[in-house]
Amino acid sequence: PPGTTIRVAKNLRVCNDCHVATKIISKIVDREIILRDVRRFHHFRNGTCSCGDYW
């Protein structure tokens, strides 16, 4: 449903291209995307990531 959080789990580290793409998607769809990789959780909101682009 619109406005709900999108959750993604990866068994590898997120690559730079996927990180950038997920930031753009979060801004376009105006939804929070939570992406868990092997090292940490990334919370994407309005085109920014909680990791500050350092992971």
# chains A, B, ... in the order shown; residues from 1 in each chain; ligands from 1

$ residues_around --residues "A:Val8" --least-positions-apart "5" --cutoff "12 Å" --atoms "only C-alpha atoms" --output "list in words"
Val14, Cys18, Thr22, Glu32, Ile33, Ile34, Leu35, Arg36, Asp37, Val38, Phe41, His42, His43 and Phe44 of chain A

$ write_last_selection --atoms "C-alpha atoms" --output "PDB file, in the first residue's frame"
ATOM      1  CA  VAL A  14      25.253  -3.225  -0.915  1.00  0.00           C
ATOM      2  CA  CYS A  18      22.565  -0.010  -5.698  1.00  0.00           C
ATOM      3  CA  THR A  22      17.931   3.177  -3.715  1.00  0.00           C
ATOM      4  CA  GLU A  32      11.138   4.897   3.413  1.00  0.00           C
ATOM      5  CA  ILE A  33      13.277   1.979   2.263  1.00  0.00           C
ATOM      6  CA  ILE A  34      15.101  -0.078   4.872  1.00  0.00           C
ATOM      7  CA  LEU A  35      17.915  -2.133   3.382  1.00  0.00           C
ATOM      8  CA  ARG A  36      19.823  -4.614   5.529  1.00  0.00           C
ATOM      9  CA  ASP A  37      23.168  -5.880   4.284  1.00  0.00           C
ATOM     10  CA  VAL A  38      25.790  -8.009   6.058  1.00  0.00           C
ATOM     11  CA  PHE A  41      20.907  -1.310   8.238  1.00  0.00           C
ATOM     12  CA  HIS A  42      20.469   1.522   5.745  1.00  0.00           C
ATOM     13  CA  HIS A  43      17.379   3.724   6.159  1.00  0.00           C
ATOM     14  CA  PHE A  44      16.643   5.650   2.957  1.00  0.00           C
TER      15      PHE A  44
END

$ select_by_dssp --residues "chain A" --states "strand (DSSP E or B)" --output "list in words"
Ile6, Arg7, Val8, Ala9, Ile33, Ile34, Leu35, Arg36, Phe41, His42, His43, Phe44, Arg45, Thr48 and Cys49 of chain A

$ select_by_dssp --residues "chain A" --states "alpha helix (DSSP H)" --output "ChimeraX atom specification"
/A:16-29

$ closest_residue --among "A:Asn46, A:Ala9, A:Arg40, A:Gly3" --to "A:Lys23" --atoms "only C-alpha atoms"
A:Asn46

$ decode --residues "stretch 3-32 of chain A" --atoms "N, CA and C atoms" --output "PDB file, in the first residue's frame"
ATOM      1  N   GLY A   3       2.717   4.570   0.935  1.00  0.00           N
ATOM      2  CA  GLY A   3       3.158   5.117   2.214  1.00  0.00           C
ATOM      3  C   GLY A   3       3.773   4.111   3.156  1.00  0.00           C
ATOM      4  N   THR A   4       3.705   2.825   2.852  1.00  0.00           N
ATOM      5  CA  THR A   4       4.302   1.836   3.740  1.00  0.00           C
ATOM      6  C   THR A   4       5.801   1.733   3.478  1.00  0.00           C
ATOM      7  N   THR A   5       6.512   1.242   4.464  1.00  0.00           N
ATOM      8  CA  THR A   5       7.956   1.083   4.360  1.00  0.00           C
ATOM      9  C   THR A   5       8.285  -0.142   3.512  1.00  0.00           C
ATOM     10  N   ILE A   6       9.289   0.000   2.665  1.00  0.00           N
ATOM     11  CA  ILE A   6       9.783  -1.115   1.858  1.00  0.00           C
ATOM     12  C   ILE A   6      11.007  -1.676   2.573  1.00  0.00           C
ATOM     13  N   ARG A   7      11.015  -2.990   2.805  1.00  0.00           N
ATOM     14  CA  ARG A   7      12.136  -3.631   3.500  1.00  0.00           C
ATOM     15  C   ARG A   7      12.831  -4.603   2.558  1.00  0.00           C
ATOM     16  N   VAL A   8      14.174  -4.507   2.512  1.00  0.00           N
ATOM     17  CA  VAL A   8      14.981  -5.361   1.639  1.00  0.00           C
ATOM     18  C   VAL A   8      16.103  -5.955   2.479  1.00  0.00           C
ATOM     19  N   ALA A   9      16.355  -7.259   2.310  1.00  0.00           N
ATOM     20  CA  ALA A   9      17.466  -7.917   2.998  1.00  0.00           C
ATOM     21  C   ALA A   9      18.414  -8.492   1.953  1.00  0.00           C
ATOM     22  N   LYS A  10      19.703  -8.198   2.119  1.00  0.00           N
ATOM     23  CA  LYS A  10      20.729  -8.721   1.209  1.00  0.00           C
ATOM     24  C   LYS A  10      21.693  -9.580   2.008  1.00  0.00           C
ATOM     25  N   ASN A  11      22.226 -10.622   1.366  1.00  0.00           N
ATOM     26  CA  ASN A  11      23.215 -11.449   2.053  1.00  0.00           C
ATOM     27  C   ASN A  11      24.647 -11.022   1.717  1.00  0.00           C
ATOM     28  N   LEU A  12      24.778  -9.931   0.964  1.00  0.00           N
ATOM     29  CA  LEU A  12      26.073  -9.340   0.630  1.00  0.00           C
ATOM     30  C   LEU A  12      26.038  -7.856   0.965  1.00  0.00           C
ATOM     31  N   ARG A  13      27.192  -7.211   0.910  1.00  0.00           N
ATOM     32  CA  ARG A  13      27.200  -5.758   1.100  1.00  0.00           C
ATOM     33  C   ARG A  13      26.537  -5.094  -0.085  1.00  0.00           C
ATOM     34  N   VAL A  14      25.894  -3.975   0.164  1.00  0.00           N
ATOM     35  CA  VAL A  14      25.253  -3.225  -0.915  1.00  0.00           C
ATOM     36  C   VAL A  14      26.348  -2.511  -1.716  1.00  0.00           C
ATOM     37  N   CYS A  15      26.264  -2.593  -3.044  1.00  0.00           N
ATOM     38  CA  CYS A  15      27.269  -1.931  -3.882  1.00  0.00           C
ATOM     39  C   CYS A  15      26.918  -0.447  -4.027  1.00  0.00           C
ATOM     40  N   ASN A  16      27.870   0.325  -4.497  1.00  0.00           N
ATOM     41  CA  ASN A  16      27.672   1.765  -4.633  1.00  0.00           C
ATOM     42  C   ASN A  16      26.521   2.091  -5.585  1.00  0.00           C
ATOM     43  N   ASP A  17      26.442   1.396  -6.717  1.00  0.00           N
ATOM     44  CA  ASP A  17      25.369   1.662  -7.680  1.00  0.00           C
ATOM     45  C   ASP A  17      23.995   1.409  -7.073  1.00  0.00           C
ATOM     46  N   CYS A  18      23.853   0.304  -6.337  1.00  0.00           N
ATOM     47  CA  CYS A  18      22.565  -0.010  -5.698  1.00  0.00           C
ATOM     48  C   CYS A  18      22.233   1.010  -4.612  1.00  0.00           C
ATOM     49  N   HIS A  19      23.250   1.478  -3.905  1.00  0.00           N
ATOM     50  CA  HIS A  19      23.051   2.471  -2.850  1.00  0.00           C
ATOM     51  C   HIS A  19      22.519   3.770  -3.455  1.00  0.00           C
ATOM     52  N   VAL A  20      23.140   4.217  -4.528  1.00  0.00           N
ATOM     53  CA  VAL A  20      22.706   5.441  -5.209  1.00  0.00           C
ATOM     54  C   VAL A  20      21.302   5.267  -5.777  1.00  0.00           C
ATOM     55  N   ALA A  21      21.053   4.126  -6.412  1.00  0.00           N
ATOM     56  CA  ALA A  21      19.732   3.869  -6.998  1.00  0.00           C
ATOM     57  C   ALA A  21      18.647   3.852  -5.928  1.00  0.00           C
ATOM     58  N   THR A  22      18.923   3.245  -4.788  1.00  0.00           N
ATOM     59  CA  THR A  22      17.931   3.177  -3.715  1.00  0.00           C
ATOM     60  C   THR A  22      17.641   4.561  -3.153  1.00  0.00           C
ATOM     61  N   LYS A  23      18.646   5.427  -3.066  1.00  0.00           N
ATOM     62  CA  LYS A  23      18.403   6.807  -2.624  1.00  0.00           C
ATOM     63  C   LYS A  23      17.462   7.516  -3.592  1.00  0.00           C
ATOM     64  N   ILE A  24      17.710   7.362  -4.875  1.00  0.00           N
ATOM     65  CA  ILE A  24      16.866   8.012  -5.888  1.00  0.00           C
ATOM     66  C   ILE A  24      15.444   7.467  -5.832  1.00  0.00           C
ATOM     67  N   ILE A  25      15.316   6.154  -5.723  1.00  0.00           N
ATOM     68  CA  ILE A  25      13.986   5.531  -5.664  1.00  0.00           C
ATOM     69  C   ILE A  25      13.213   6.014  -4.447  1.00  0.00           C
ATOM     70  N   SER A  26      13.886   6.131  -3.293  1.00  0.00           N
ATOM     71  CA  SER A  26      13.186   6.583  -2.086  1.00  0.00           C
ATOM     72  C   SER A  26      12.629   7.992  -2.260  1.00  0.00           C
ATOM     73  N   LYS A  27      13.330   8.819  -3.015  1.00  0.00           N
ATOM     74  CA  LYS A  27      12.844  10.179  -3.269  1.00  0.00           C
ATOM     75  C   LYS A  27      11.690  10.174  -4.264  1.00  0.00           C
ATOM     76  N   ILE A  28      11.811   9.376  -5.327  1.00  0.00           N
ATOM     77  CA  ILE A  28      10.771   9.336  -6.357  1.00  0.00           C
ATOM     78  C   ILE A  28       9.453   8.800  -5.805  1.00  0.00           C
ATOM     79  N   VAL A  29       9.518   7.694  -5.062  1.00  0.00           N
ATOM     80  CA  VAL A  29       8.279   7.060  -4.578  1.00  0.00           C
ATOM     81  C   VAL A  29       7.818   7.635  -3.239  1.00  0.00           C
ATOM     82  N   ASP A  30       8.628   8.528  -2.640  1.00  0.00           N
ATOM     83  CA  ASP A  30       8.292   9.170  -1.367  1.00  0.00           C
ATOM     84  C   ASP A  30       7.939   8.135  -0.302  1.00  0.00           C
ATOM     85  N   ARG A  31       8.830   7.144  -0.166  1.00  0.00           N
ATOM     86  CA  ARG A  31       8.653   6.105   0.846  1.00  0.00           C
ATOM     87  C   ARG A  31       9.989   5.821   1.515  1.00  0.00           C
ATOM     88  N   GLU A  32       9.924   5.327   2.735  1.00  0.00           N
ATOM     89  CA  GLU A  32      11.138   4.897   3.413  1.00  0.00           C
ATOM     90  C   GLU A  32      11.495   3.504   2.910  1.00  0.00           C
TER      91      GLU A  32
END
